[in-house]
Amino acid sequence: MKKTLRIICYVLVVLICNLPLLATIATSLKTPAQISASPPLLFFKPTLANYAEVLTSPSLHFGTYLRNSFGLALLGTLFSILLALPAAYGMVRHGVGKKFLLPFVTNLRTFPLIIFAIPFYFMFQSVGLLDTVLGLAILSCLINLPLALVVLLSFFQDLPIELEEAAFVDGASTFQTMRMIILPLATTVLASVSVLSFIYAWNEFLFGLILTTKVATPVTVGATFFITSFGIRWGQTAAAITLSILPPMFIGVLSFRYLTKALLSGAIKG
Amino acid sequence: MTSSMTRYRKYLFIAPLALFLLITLGYPLVTNIIYSFSDVTFRTIRSPRLIGIQHYKEVLTSPAFWGSFWFSAKFAIVATFFEVLLGLGLAIALAPLLERYKILLTFIMLPLMIAPVLMGIMYRLLLNEFVGPISQIMQMFGIYVSLLNPPWIVGTLVTIEILQWTPFAFLIIFSGLQSISGDVIEAARIDGASEWGVFWYITIPALLPNISIAAFVRFVDSFRVFDHIYVLTGGGPGRMTTSLSIFIYKSFFQQEQIGTAVAAAMVLLIVFLIPLIFSMRQITRK
């Protein structure tokens with residue numbers, strides 16, 4: 001009996017939390033007439049016309065927005081790993097940067113970067129990074145660093161030092177040890193850092209809004225154009241939102257098991 | 001291996017990170033300070049003229065600034081309170097089910113993967129008076145109110161925040177719950193503790209670190225709320241839903257008052273330095 005109650009509670013929570021998602025996916029598959037039907041249709045013949053329109057219409061530029069988001073999320077993830085990996089190694093194995101750098105970076109997690117939005121704007125303008133994917137990637141790297149550092153740090157802490165010592169005895173350099181011993185062992189942890197960084201970078205909105213005008217616009221900003229420009233066409237808006245949500249959700253669900261551990265260590269130590 | 005390494009070579013590991021942060025945070029900090037004491041417009045940005053504390057005076061005496069400051073504070077307090085309370089309740093109610101079927105966690109976590117700005121647009125669809133399922137259902141019951149207009153709008157915005165981020169609080173509290181040893185609870189039961197006694201004297205104290213982490217992270221995150229408010233109300237009507245982030249954004253982009261925006265940002269920085277220094281101390285102590 002208690003179990004039935006729990007299941008009912010679970011289903012209710014999932015339905016309420018995911019109602020926007022379900023309604024949006026349903027709307028994206030409807031014709032304009034079906035969308036405005038009252039009461040809302042639970043069963044209808046789905047159409048992909050909205051998706052075709054969003055992806056092929058040259059005036060909507062949605063393909064470009066998707067490409068930009070992929071670009072900035074991948075680059076931002078790569079940058080944050082390249083910076084955090086040696087730093088985490090140095091902190092654990094050589095004890096450098098533990099006093100100030102580590103607590104400083106972990107606390108960046110709670111720092112509202114909007115404070116620096118205006119200098120970022122002028123800084124990017126003067127070095128030609130305004131409205132570029134590279135510029136946004138640099139900022140998403142900054143946003144992802146705390147998580148990447150904390151997760152990689154706990155990976156190195158759990159990694160027995162004997163493995164590296166054995167490699168050193170055999171005459172390997174630091175770089176070789178890194179490449180041949182550590183990286184192969186770090187694939188899982190690197191994957192979860194990448195997935196989380198990708199999701200954060202993909203979902204970021206504020207800096208996309210401030211630092212792009214038309215060339216490097218990411219999907220989060222692009223999706224808002226649907227409701228601000230021409231009288232809202234809900235079918236297409238819903239299709240655009242669904243397309244924008246799918247990539248992070250897809251990789252998030254696939255790697256869910258590893259994700260929660262990384263997410264927790266990022267949140268708890270940060 | 002440390003012996004073979006010269007004293008300074010080990011700093012090479014953290015050098016790239018330190019350099020990156022120095023450029024991306026140090027430079028903006030310095031410019032922020034200069035701009036906040038200068039008379040700057042988009043045209044004179046290269047040659048700011050120092051004018052002293054005028055911008056700070058303006059900001060600190062501006063009802064618009066304080067309105068947005070208190071909006072953010074209240075928004076964050078209410079959202080955090082409900083997220084933690086609901087997260088705790090859900091964790092306790094669903095733990096036996098979710099510990100057995102881990103896969104079920106996925107569906108509760110889905111909102112965490114959605115961009116808040118897109119969540120905002122989705123609610124705009126849900127609450128639209130002609131096509132929105134929520135409005136249509138309310139109308140079927142004879143309720144003709146728009147949740148996107150006053151007096152409902154503030155409540156709607158907070159509710160959206162709560163619905164999206166309760167899973168986060170839940171996840172952190174749930175993980176704490178899993179690490180409580182069953183033996184302790186068993187022992188307490190044998191000593192005659194009631195269900196309520198176990199909850200109040202064992203579960204809650206054991207969960208306290210996780211509860212406070214969830215509350216801290218959610219509070220600072222909701223204090224800087226921007227995305228879904230931007231697409232749902234743009235800070236209006238009037239200044240009713242202008243959060244501090246929206247205030248800074250609007251002063252800069254729409255009113256082109258760079259000095260005001262930067263001074264407001266500096267006030268926000270000073271406010272955030274207090275918990276920042278405190279929690280940095282905590283981490284260093286560990």
# chains A, B, ... in the order shown; residues from 1 in each chain; ligands from 1

call {"tool": "select_by_dssp", "arguments": {"residues": "stretch 14-224 of chain B", "states": "helix (DSSP H, G or I)", "output": "PyMOL selection string"}}
result
chain B and resi 15-36+54-60+63-100+102-113+116-126+133-140+153-178+182-190+195-223

call {"tool": "residues_around", "arguments": {"residues": "stretch 52-55 of chain A", "least_positions_apart": "6", "cutoff": "12 Å", "atoms": "only C-alpha atoms", "output": "list in words"}}
result
Ser28, Leu29, His61, Phe62, Gly63, Thr64, Tyr65, Leu66, Arg67, Gly222, Ala223, Phe226, Arg233, Trp234, Gly235, Gln236, Thr237, Ala238, Ala239, Ala240, Ile241, Thr242, Leu243 and Ser244 of chain A

call {"tool": "write_last_selection", "arguments": {"atoms": "N, CA and C atoms", "output": "mmCIF file, in the first residue's frame"}}
result
data_model
loop_
_atom_site.group_PDB
_atom_site.id
_atom_site.type_symbol
_atom_site.label_atom_id
_atom_site.label_comp_id
_atom_site.auth_asym_id
_atom_site.auth_seq_id
_atom_site.Cartn_x
_atom_site.Cartn_y
_atom_site.Cartn_z
ATOM 1 N N SER A 28 4.944 20.939 -30.994
ATOM 2 C CA SER A 28 5.831 20.965 -32.154
ATOM 3 C C SER A 28 5.365 20.001 -33.239
ATOM 4 N N LEU A 29 4.517 19.029 -32.852
ATOM 5 C CA LEU A 29 4.061 18.027 -33.821
ATOM 6 C C LEU A 29 2.649 18.315 -34.338
ATOM 7 N N HIS A 61 17.579 31.098 -39.910
ATOM 8 C CA HIS A 61 18.979 30.875 -39.499
ATOM 9 C C HIS A 61 19.135 29.837 -38.395
ATOM 10 N N PHE A 62 18.168 28.950 -38.228
ATOM 11 C CA PHE A 62 18.244 28.097 -37.049
ATOM 12 C C PHE A 62 19.395 27.091 -37.128
ATOM 13 N N GLY A 63 19.714 26.644 -38.342
ATOM 14 C CA GLY A 63 20.853 25.741 -38.514
ATOM 15 C C GLY A 63 22.144 26.379 -38.031
ATOM 16 N N THR A 64 22.305 27.681 -38.330
ATOM 17 C CA THR A 64 23.501 28.406 -37.873
ATOM 18 C C THR A 64 23.554 28.451 -36.352
ATOM 19 N N TYR A 65 22.398 28.728 -35.718
ATOM 20 C CA TYR A 65 22.372 28.789 -34.249
ATOM 21 C C TYR A 65 22.792 27.449 -33.647
ATOM 22 N N LEU A 66 22.283 26.367 -34.234
ATOM 23 C CA LEU A 66 22.637 25.034 -33.730
ATOM 24 C C LEU A 66 24.132 24.796 -33.857
ATOM 25 N N ARG A 67 24.683 25.158 -35.032
ATOM 26 C CA ARG A 67 26.127 24.988 -35.249
ATOM 27 C C ARG A 67 26.924 25.806 -34.237
ATOM 28 N N GLY A 222 18.792 32.419 -30.043
ATOM 29 C CA GLY A 222 18.031 32.277 -31.281
ATOM 30 C C GLY A 222 16.574 31.916 -31.027
ATOM 31 N N ALA A 223 16.339 31.058 -30.028
ATOM 32 C CA ALA A 223 14.963 30.638 -29.740
ATOM 33 C C ALA A 223 14.105 31.811 -29.278
ATOM 34 N N PHE A 226 12.056 33.849 -31.897
ATOM 35 C CA PHE A 226 10.756 33.352 -32.362
ATOM 36 C C PHE A 226 9.611 34.065 -31.659
ATOM 37 N N ARG A 233 4.448 32.140 -33.886
ATOM 38 C CA ARG A 233 3.962 30.918 -34.518
ATOM 39 C C ARG A 233 4.375 29.770 -33.610
ATOM 40 N N TRP A 234 3.426 29.282 -32.828
ATOM 41 C CA TRP A 234 3.765 28.362 -31.759
ATOM 42 C C TRP A 234 4.333 27.034 -32.235
ATOM 43 N N GLY A 235 3.833 26.538 -33.355
ATOM 44 C CA GLY A 235 4.321 25.251 -33.851
ATOM 45 C C GLY A 235 5.815 25.299 -34.113
ATOM 46 N N GLN A 236 6.244 26.378 -34.795
ATOM 47 C CA GLN A 236 7.670 26.502 -35.114
ATOM 48 C C GLN A 236 8.499 26.810 -33.878
ATOM 49 N N THR A 237 7.954 27.672 -33.011
ATOM 50 C CA THR A 237 8.674 27.963 -31.771
ATOM 51 C C THR A 237 8.905 26.674 -30.997
ATOM 52 N N ALA A 238 7.852 25.867 -30.887
ATOM 53 C CA ALA A 238 7.963 24.617 -30.125
ATOM 54 C C ALA A 238 8.972 23.673 -30.774
ATOM 55 N N ALA A 239 8.977 23.640 -32.119
ATOM 56 C CA ALA A 239 9.941 22.776 -32.803
ATOM 57 C C ALA A 239 11.364 23.263 -32.535
ATOM 58 N N ALA A 240 11.547 24.581 -32.572
ATOM 59 C CA ALA A 240 12.880 25.145 -32.318
ATOM 60 C C ALA A 240 13.343 24.823 -30.900
ATOM 61 N N ILE A 241 12.425 24.971 -29.936
ATOM 62 C CA ILE A 241 12.804 24.672 -28.550
ATOM 63 C C ILE A 241 13.159 23.192 -28.408
ATOM 64 N N THR A 242 12.345 22.337 -29.004
ATOM 65 C CA THR A 242 12.622 20.898 -28.903
ATOM 66 C C THR A 242 13.999 20.577 -29.471
ATOM 67 N N LEU A 243 14.306 21.164 -30.637
ATOM 68 C CA LEU A 243 15.628 20.920 -31.234
ATOM 69 C C LEU A 243 16.745 21.441 -30.339
ATOM 70 N N SER A 244 16.488 22.572 -29.647
ATOM 71 C CA SER A 244 17.530 23.152 -28.800
ATOM 72 C C SER A 244 17.745 22.344 -27.532
#

call {"tool": "residues_around", "arguments": {"residues": "stretch 168-173 of chain B", "least_positions_apart": "5", "cutoff": "7 Å", "atoms": "only C-alpha atoms", "output": "number ranges by chain"}}
result
A: 264; B: 83-84, 87-88, 90-91, 207, 210-211, 214

call {"tool": "write_last_selection", "arguments": {"atoms": "N, CA and C atoms", "output": "short mmCIF file (atom, residue, chain, number, x, y, z; two decimals), in the first residue's frame"}}
result
data_model
loop_
_atom_site.label_atom_id
_atom_site.label_comp_id
_atom_site.auth_asym_id
_atom_site.auth_seq_id
_atom_site.Cartn_x
_atom_site.Cartn_y
_atom_site.Cartn_z
N LEU A 264 27.27 15.94 -8.25
CA LEU A 264 27.26 16.04 -6.80
C LEU A 264 28.60 16.53 -6.27
N GLU B 83 12.31 25.06 -2.65
CA GLU B 83 13.11 24.03 -3.32
C GLU B 83 13.68 23.05 -2.30
N VAL B 84 14.22 23.60 -1.19
CA VAL B 84 14.82 22.73 -0.19
C VAL B 84 13.76 21.91 0.54
N GLY B 87 12.42 19.41 -1.93
CA GLY B 87 13.48 18.45 -2.22
C GLY B 87 13.64 17.45 -1.08
N LEU B 88 13.60 17.97 0.15
CA LEU B 88 13.72 17.11 1.33
C LEU B 88 12.54 16.16 1.42
N LEU B 90 10.52 15.15 -0.94
CA LEU B 90 10.55 14.15 -2.02
C LEU B 90 11.62 13.10 -1.76
N ALA B 91 12.78 13.55 -1.29
CA ALA B 91 13.87 12.60 -1.06
C ALA B 91 13.42 11.56 -0.04
N LEU B 207 21.45 14.98 7.64
CA LEU B 207 21.27 15.61 6.34
C LEU B 207 21.66 17.09 6.33
N ASN B 210 24.11 18.49 3.72
CA ASN B 210 23.55 18.49 2.36
C ASN B 210 22.46 19.54 2.19
N ILE B 211 21.63 19.69 3.22
CA ILE B 211 20.57 20.70 3.15
C ILE B 211 21.18 22.09 3.01
N ALA B 214 22.66 22.58 -0.53
CA ALA B 214 21.58 22.79 -1.50
C ALA B 214 21.04 24.21 -1.36
#

call {"tool": "residues_around", "arguments": {"residues": "B:Ser181", "least_positions_apart": "3", "cutoff": "12 Å", "atoms": "only C-alpha atoms", "output": "ChimeraX atom specification"}}
result
/B:176-178,184-188,202-203,206-207

call {"tool": "residues_around", "arguments": {"residues": "A:Leu12", "least_positions_apart": "6", "cutoff": "12 Å", "atoms": "only C-alpha atoms", "output": "list in words"}}
result
Leu5, Arg6, Asn18 and Leu19 of chain A; Leu90, Leu94, Phe107 and Ile108 of chain B

call {"tool": "closest_atom_pairs", "arguments": {"of": "stretch 164-219 of chain A", "to": "stretch 248-269 of chain B", "cutoff": "10 Å", "atoms": "only C-alpha atoms", "output": "tab-separated table"}}
result
residue	atom	partner	partner_atom	distance
A:Leu206	CA	B:Tyr249	CA	9.1
A:Leu209	CA	B:Tyr249	CA	10.0
A:Ile210	CA	B:Tyr249	CA	8.3

call {"tool": "select_by_dssp", "arguments": {"residues": "stretch 21-132 of chain B", "states": "strand (DSSP E)", "output": "list in words"}}
result
Ser38, Asp39, Arg49 and Leu50 of chain B

call {"tool": "residues_around", "arguments": {"residues": "A:Thr47", "least_positions_apart": "2", "cutoff": "7 Å", "atoms": "only C-alpha atoms", "output": "CSV table (one decimal) with C-alpha atoms, in the first residue's frame"}}
result
chain,number,residue,atom,x,y,z
A,29,LEU,CA,4.1,18.0,-33.8
A,30,LYS,CA,0.7,19.8,-34.4
A,45,LYS,CA,-2.0,12.9,-36.2
A,49,ALA,CA,6.1,20.3,-41.0

call {"tool": "atom_distance", "arguments": {"atom1": "atom CA of B:Arg218", "atom2": "atom CA of A:Thr212"}}
result
28.0 Å

call {"tool": "closest_residue", "arguments": {"among": "B:Met140, B:Val40, B:Ala76, B:Val145", "to": "chain A", "atoms": "only C-alpha atoms"}}
result
B:Met140

call {"tool": "closest_residue", "arguments": {"among": "A:Glu165, A:Asp131, A:Asp158, A:Asp170", "to": "chain B", "atoms": "only C-alpha atoms"}}
result
A:Glu165

call {"tool": "atom_distance", "arguments": {"atom1": "atom CA of A:Leu259", "atom2": "atom CA of A:Glu204"}}
result
18.6 Å

call {"tool": "closest_residue", "arguments": {"among": "A:Ser140, A:Thr260, A:Thr188, A:Ser57", "to": "chain B", "atoms": "only C-alpha atoms"}}
result
A:Thr260

call {"tool": "closest_residue", "arguments": {"among": "A:Val11, A:Ala117, A:Leu152, A:Ala33", "to": "A:Ile81", "atoms": "only C-alpha atoms"}}
result
A:Leu152

call {"tool": "atom_distance", "arguments": {"atom1": "atom CA of B:Pro116", "atom2": "atom CA of B:Asp227"}}
result
5.8 Å

call {"tool": "closest_residue", "arguments": {"among": "A:Leu113, A:Ala262, A:Leu78, A:Met249", "to": "chain B", "atoms": "only C-alpha atoms"}}
result
A:Met249
